[in-house]
Structures are given as C-alpha cells and as structure tokens.
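Raw contents of final-v5.txt, compact mmCIF, N, CA and C atoms:
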# COMPACT_ATOMS: atom_id res chain seq x y z
N MET A 1 88.72 103.66 101.23
CA MET A 1 87.57 103.02 101.79
C MET A 1 86.37 103.37 100.91
N THR A 2 85.63 102.40 100.55
CA THR A 2 84.45 102.65 99.74
C THR A 2 83.22 102.05 100.40
N VAL A 3 82.12 102.72 100.21
CA VAL A 3 80.84 102.24 100.68
C VAL A 3 79.93 102.26 99.47
N GLY A 4 79.61 101.12 98.97
CA GLY A 4 78.82 101.06 97.74
C GLY A 4 79.62 101.66 96.59
N LYS A 5 79.01 102.58 95.88
CA LYS A 5 79.69 103.23 94.76
C LYS A 5 80.20 104.61 95.12
N THR A 6 79.91 105.08 96.33
CA THR A 6 80.39 106.39 96.75
C THR A 6 81.67 106.23 97.54
N GLU A 7 82.51 107.23 97.45
CA GLU A 7 83.79 107.20 98.15
C GLU A 7 83.74 108.19 99.31
N LEU A 8 84.18 107.74 100.47
CA LEU A 8 84.24 108.61 101.63
C LEU A 8 85.55 109.36 101.65
N ALA A 9 85.49 110.64 101.96
CA ALA A 9 86.69 111.46 102.02
C ALA A 9 86.84 112.02 103.43
N ASN A 10 88.06 111.98 103.94
CA ASN A 10 88.32 112.53 105.27
C ASN A 10 88.57 114.03 105.23
N ILE A 11 88.99 114.54 104.08
CA ILE A 11 89.32 115.96 103.98
C ILE A 11 88.50 116.59 102.86
N GLY A 12 88.28 117.89 103.02
CA GLY A 12 87.53 118.62 102.01
C GLY A 12 88.43 119.13 100.90
N PRO A 13 87.85 119.84 99.96
CA PRO A 13 88.62 120.34 98.82
C PRO A 13 89.72 121.32 99.22
N LYS A 14 89.46 122.13 100.24
CA LYS A 14 90.46 123.12 100.68
C LYS A 14 91.70 122.42 101.24
N GLU A 15 91.48 121.41 102.06
CA GLU A 15 92.61 120.67 102.65
C GLU A 15 93.33 119.83 101.60
N ALA A 16 92.59 119.27 100.66
CA ALA A 16 93.21 118.50 99.58
C ALA A 16 94.12 119.40 98.75
N ARG A 17 93.67 120.61 98.47
CA ARG A 17 94.48 121.56 97.70
C ARG A 17 95.74 121.94 98.48
N LYS A 18 95.58 122.14 99.79
CA LYS A 18 96.73 122.47 100.64
C LYS A 18 97.77 121.35 100.60
N ARG A 19 97.32 120.12 100.66
CA ARG A 19 98.25 118.99 100.63
C ARG A 19 98.88 118.82 99.25
N LEU A 20 98.11 119.11 98.21
CA LEU A 20 98.66 119.06 96.86
C LEU A 20 99.78 120.09 96.70
N LEU A 21 99.54 121.31 97.15
CA LEU A 21 100.56 122.36 97.04
C LEU A 21 101.79 122.03 97.90
N MET A 22 101.56 121.50 99.09
CA MET A 22 102.68 121.12 99.95
C MET A 22 103.48 119.99 99.33
N GLY A 23 102.81 119.04 98.71
CA GLY A 23 103.50 117.94 98.05
C GLY A 23 104.36 118.41 96.90
N VAL A 24 103.82 119.29 96.07
CA VAL A 24 104.59 119.83 94.95
C VAL A 24 105.77 120.64 95.46
N ALA A 25 105.55 121.43 96.51
CA ALA A 25 106.62 122.25 97.08
C ALA A 25 107.74 121.37 97.64
N MET A 26 107.38 120.30 98.35
CA MET A 26 108.41 119.44 98.94
C MET A 26 109.18 118.69 97.86
N LEU A 27 108.51 118.27 96.80
CA LEU A 27 109.24 117.62 95.70
C LEU A 27 110.18 118.61 95.03
N ALA A 28 109.75 119.85 94.90
CA ALA A 28 110.62 120.89 94.32
C ALA A 28 111.83 121.13 95.22
N VAL A 29 111.62 121.15 96.53
CA VAL A 29 112.73 121.32 97.47
C VAL A 29 113.72 120.17 97.32
N GLY A 30 113.20 118.95 97.19
CA GLY A 30 114.07 117.79 97.01
C GLY A 30 114.89 117.88 95.74
N VAL A 31 114.28 118.31 94.65
CA VAL A 31 115.00 118.44 93.38
C VAL A 31 116.07 119.53 93.47
N VAL A 32 115.72 120.66 94.08
CA VAL A 32 116.68 121.76 94.22
C VAL A 32 117.85 121.32 95.10
N LEU A 33 117.56 120.66 96.21
CA LEU A 33 118.64 120.18 97.08
C LEU A 33 119.53 119.17 96.37
N ALA A 34 118.92 118.29 95.58
CA ALA A 34 119.71 117.31 94.83
C ALA A 34 120.64 118.00 93.85
N ALA A 35 120.14 119.04 93.19
CA ALA A 35 120.98 119.80 92.25
C ALA A 35 122.10 120.51 92.98
N ILE A 36 121.80 121.09 94.13
CA ILE A 36 122.83 121.77 94.92
C ILE A 36 123.88 120.79 95.40
N PHE A 37 123.44 119.65 95.91
CA PHE A 37 124.38 118.63 96.39
C PHE A 37 125.27 118.14 95.26
N THR A 38 124.69 117.93 94.09
CA THR A 38 125.47 117.44 92.95
C THR A 38 126.48 118.49 92.51
N HIS A 39 126.03 119.73 92.44
CA HIS A 39 126.92 120.82 91.99
C HIS A 39 128.04 121.08 93.00
N ALA A 40 127.71 120.96 94.29
CA ALA A 40 128.70 121.23 95.34
C ALA A 40 129.65 120.05 95.54
N GLY A 41 129.29 118.88 95.05
CA GLY A 41 130.15 117.72 95.20
C GLY A 41 130.22 117.19 96.61
N VAL A 42 129.09 117.20 97.31
CA VAL A 42 129.08 116.70 98.69
C VAL A 42 129.23 115.18 98.70
N SER A 43 129.60 114.66 99.85
CA SER A 43 129.79 113.21 99.97
C SER A 43 128.45 112.49 99.88
N ARG A 44 128.51 111.20 99.58
CA ARG A 44 127.30 110.41 99.34
C ARG A 44 126.37 110.36 100.55
N GLY A 45 126.90 110.45 101.74
CA GLY A 45 126.07 110.39 102.94
C GLY A 45 125.06 111.52 103.04
N TRP A 46 125.41 112.67 102.52
CA TRP A 46 124.50 113.82 102.57
C TRP A 46 123.26 113.61 101.70
N TYR A 47 123.34 112.75 100.72
CA TYR A 47 122.19 112.50 99.86
C TYR A 47 121.05 111.83 100.63
N SER A 48 121.34 111.22 101.76
CA SER A 48 120.28 110.62 102.58
C SER A 48 119.33 111.68 103.12
N VAL A 49 119.79 112.92 103.21
CA VAL A 49 118.94 114.02 103.65
C VAL A 49 117.77 114.21 102.68
N LEU A 50 117.97 113.84 101.43
CA LEU A 50 116.94 114.02 100.41
C LEU A 50 115.73 113.13 100.63
N PHE A 51 115.88 112.10 101.45
CA PHE A 51 114.76 111.21 101.72
C PHE A 51 113.57 111.97 102.30
N LEU A 52 113.82 112.88 103.22
CA LEU A 52 112.74 113.57 103.92
C LEU A 52 111.86 114.41 102.99
N PRO A 53 112.41 115.32 102.18
CA PRO A 53 111.50 116.09 101.31
C PRO A 53 110.80 115.24 100.25
N PHE A 54 111.50 114.23 99.71
CA PHE A 54 110.84 113.39 98.72
C PHE A 54 109.76 112.53 99.35
N TRP A 55 110.00 112.03 100.54
CA TRP A 55 109.00 111.24 101.24
C TRP A 55 107.78 112.10 101.59
N MET A 56 108.03 113.29 102.15
CA MET A 56 106.93 114.19 102.49
C MET A 56 106.14 114.60 101.26
N GLY A 57 106.85 114.86 100.17
CA GLY A 57 106.18 115.26 98.94
C GLY A 57 105.27 114.18 98.39
N THR A 58 105.78 112.96 98.34
CA THR A 58 104.95 111.87 97.80
C THR A 58 103.80 111.53 98.75
N LEU A 59 104.02 111.64 100.05
CA LEU A 59 102.96 111.39 101.01
C LEU A 59 101.84 112.41 100.86
N CYS A 60 102.20 113.69 100.76
CA CYS A 60 101.19 114.73 100.60
C CYS A 60 100.43 114.58 99.29
N LEU A 61 101.14 114.26 98.21
CA LEU A 61 100.45 114.07 96.93
C LEU A 61 99.51 112.89 96.98
N SER A 62 99.93 111.82 97.64
CA SER A 62 99.07 110.65 97.78
C SER A 62 97.82 110.97 98.59
N GLN A 63 97.98 111.71 99.67
CA GLN A 63 96.85 112.09 100.50
C GLN A 63 95.90 113.01 99.75
N ALA A 64 96.45 113.94 98.99
CA ALA A 64 95.61 114.86 98.22
C ALA A 64 94.82 114.10 97.16
N ARG A 65 95.46 113.14 96.52
CA ARG A 65 94.82 112.37 95.46
C ARG A 65 93.71 111.49 96.00
N LYS A 66 93.97 110.86 97.15
CA LYS A 66 92.98 109.94 97.72
C LYS A 66 92.03 110.62 98.70
N LYS A 67 92.30 111.89 99.01
CA LYS A 67 91.46 112.67 99.94
C LYS A 67 91.35 112.01 101.31
N THR A 68 92.53 111.62 101.84
CA THR A 68 92.53 110.99 103.17
C THR A 68 93.30 111.82 104.16
For this file, write the structure as structure tokens.
Amino acid sequence: MTVGKTELANIGPKEARKRLLMGVAMLAVGVVLAAIFTHAGVSRGWYSVLFLPFWMGTLCLSQARKKT
C-alpha cells in the first residue's frame, strides 16, 4: 500500500528482522528435511510434508521484505 511517495509499514524494524530470521530458519528446515528424506529413501507421499516449512519460510521472507 502506498500513499504518495511514502510507503506505510505495519511492522517495525525489530519485527521485520524477526520474520526475516524465521523465514531463513524455516527454509533451512525444509532443505534439511528434504536431504534427510532423500537420504532415507522415504516414499513420495512424505515429501508433501515439506510444503509447510517452505511455505512458512517464503511467507515470512515476503512479509519481512514488504514490512507487512
């Protein structure tokens, strides 16, 4: 949302940093789980579990970037 040339932010720098760190952490969890699943040879259905950390990670990074 923009008003003129200034951008309104719903969260401050502290909360944006928290969401950035959470996003990076969740993406790292997704990558580690994917490596574990691949190494362990689990069935394809288990890979659907990876949706949650990757979704949370990208959502948090998006929120941190846009400060919403």
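For the atom pair formed by atom CA of A:Gly57 and atom CA of A:Leu27, the distance is 5.0 Å, given to one decimal.
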Computed interatomic separation between atom C of A:Gly23 and atom C of A:Tyr47 (Å): 18.3 Å
Quick one: DSSP strand (DSSP E or B) residues in chain A, as a list in words? Thr2, Val3, Thr6 and Glu7 of chain A
Restricting it to N, CA and C atoms, dump the selection as a PDB file, in the frame of the given file.
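Output file result-v7.pdb follows:
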ATOM      1  N   THR A   2      85.630 102.400 100.550  1.00  0.00           N
ATOM      2  CA  THR A   2      84.450 102.650  99.740  1.00  0.00           C
ATOM      3  C   THR A   2      83.220 102.050 100.400  1.00  0.00           C
ATOM      4  N   VAL A   3      82.120 102.720 100.210  1.00  0.00           N
ATOM      5  CA  VAL A   3      80.840 102.240 100.680  1.00  0.00           C
ATOM      6  C   VAL A   3      79.930 102.260  99.470  1.00  0.00           C
ATOM      7  N   THR A   6      79.910 105.080  96.330  1.00  0.00           N
ATOM      8  CA  THR A   6      80.390 106.390  96.750  1.00  0.00           C
ATOM      9  C   THR A   6      81.670 106.230  97.540  1.00  0.00           C
ATOM     10  N   GLU A   7      82.510 107.230  97.450  1.00  0.00           N
ATOM     11  CA  GLU A   7      83.790 107.200  98.150  1.00  0.00           C
ATOM     12  C   GLU A   7      83.740 108.190  99.310  1.00  0.00           C
TER      13      GLU A   7
END
Please determine the residues with any atom at most 6 Å from (90.5, 113.4, 100.5) (coordinates as given in the file, with only N, CA and C atoms counting) and report them as a compact mmCIF listing (two decimals) with N, CA and C atoms, in the frame of the given file.
# COMPACT_ATOMS: atom_id res chain seq x y z
N ALA A 9 85.49 110.64 101.96
CA ALA A 9 86.69 111.46 102.02
C ALA A 9 86.84 112.02 103.43
N ASN A 10 88.06 111.98 103.94
CA ASN A 10 88.32 112.53 105.27
C ASN A 10 88.57 114.03 105.23
N ILE A 11 88.99 114.54 104.08
CA ILE A 11 89.32 115.96 103.98
C ILE A 11 88.50 116.59 102.86
N GLY A 12 88.28 117.89 103.02
CA GLY A 12 87.53 118.62 102.01
C GLY A 12 88.43 119.13 100.90
N ALA A 16 92.59 119.27 100.66
CA ALA A 16 93.21 118.50 99.58
C ALA A 16 94.12 119.40 98.75
N GLN A 63 97.98 111.71 99.67
CA GLN A 63 96.85 112.09 100.50
C GLN A 63 95.90 113.01 99.75
N ALA A 64 96.45 113.94 98.99
CA ALA A 64 95.61 114.86 98.22
C ALA A 64 94.82 114.10 97.16
N ARG A 65 95.46 113.14 96.52
CA ARG A 65 94.82 112.37 95.46
C ARG A 65 93.71 111.49 96.00
N LYS A 66 93.97 110.86 97.15
CA LYS A 66 92.98 109.94 97.72
C LYS A 66 92.03 110.62 98.70
N LYS A 67 92.30 111.89 99.01
CA LYS A 67 91.46 112.67 99.94
C LYS A 67 91.35 112.01 101.31
N THR A 68 92.53 111.62 101.84
CA THR A 68 92.53 110.99 103.17
C THR A 68 93.30 111.82 104.16
Coordinates-based distance that separates atom C of A:Pro13 from atom C of A:Leu50 (Å, one decimal): 27.3 Å
Which neighbours of A:Phe54 fall inside 6 Å, counting all atoms listed in the file, when residues of the same chain fewer than 5 positions from it are skipped, and could you give them as a compact mmCIF listing (two decimals) with N, CA and C atoms, in the frame of the given file?
# COMPACT_ATOMS: atom_id res chain seq x y z
N MET A 26 107.38 120.30 98.35
CA MET A 26 108.41 119.44 98.94
C MET A 26 109.18 118.69 97.86
N LEU A 27 108.51 118.27 96.80
CA LEU A 27 109.24 117.62 95.70
C LEU A 27 110.18 118.61 95.03
N GLY A 30 113.20 118.95 97.19
CA GLY A 30 114.07 117.79 97.01
C GLY A 30 114.89 117.88 95.74
N LEU A 59 104.02 111.64 100.05
CA LEU A 59 102.96 111.39 101.01
C LEU A 59 101.84 112.41 100.86
Give the alpha helix (DSSP H) residues of chain A, as DSSP finds them on the backbone, and put them as a PyMOL selection string. chain A and resi 13-40+51-66
Spatial neighbours of stretch 32-34 of chain A, 12 Å, only C-alpha atoms, chain gap at least 3 places, as a PyMOL selection string: chain A and resi 25-29+37-42+44+46-54
Please define a box with edges along x, y and z of the file around all atoms of stretch 28-44 of chain A given in the file, extend it by 3 Å on each side, and return its centre and edge lengths in Å to one decimal, as lines of an AutoDock Vina configuration file.
center_x = 120.0
center_y = 116.1
center_z = 96.3
size_x = 26.5
size_y = 17.4
size_z = 14.6
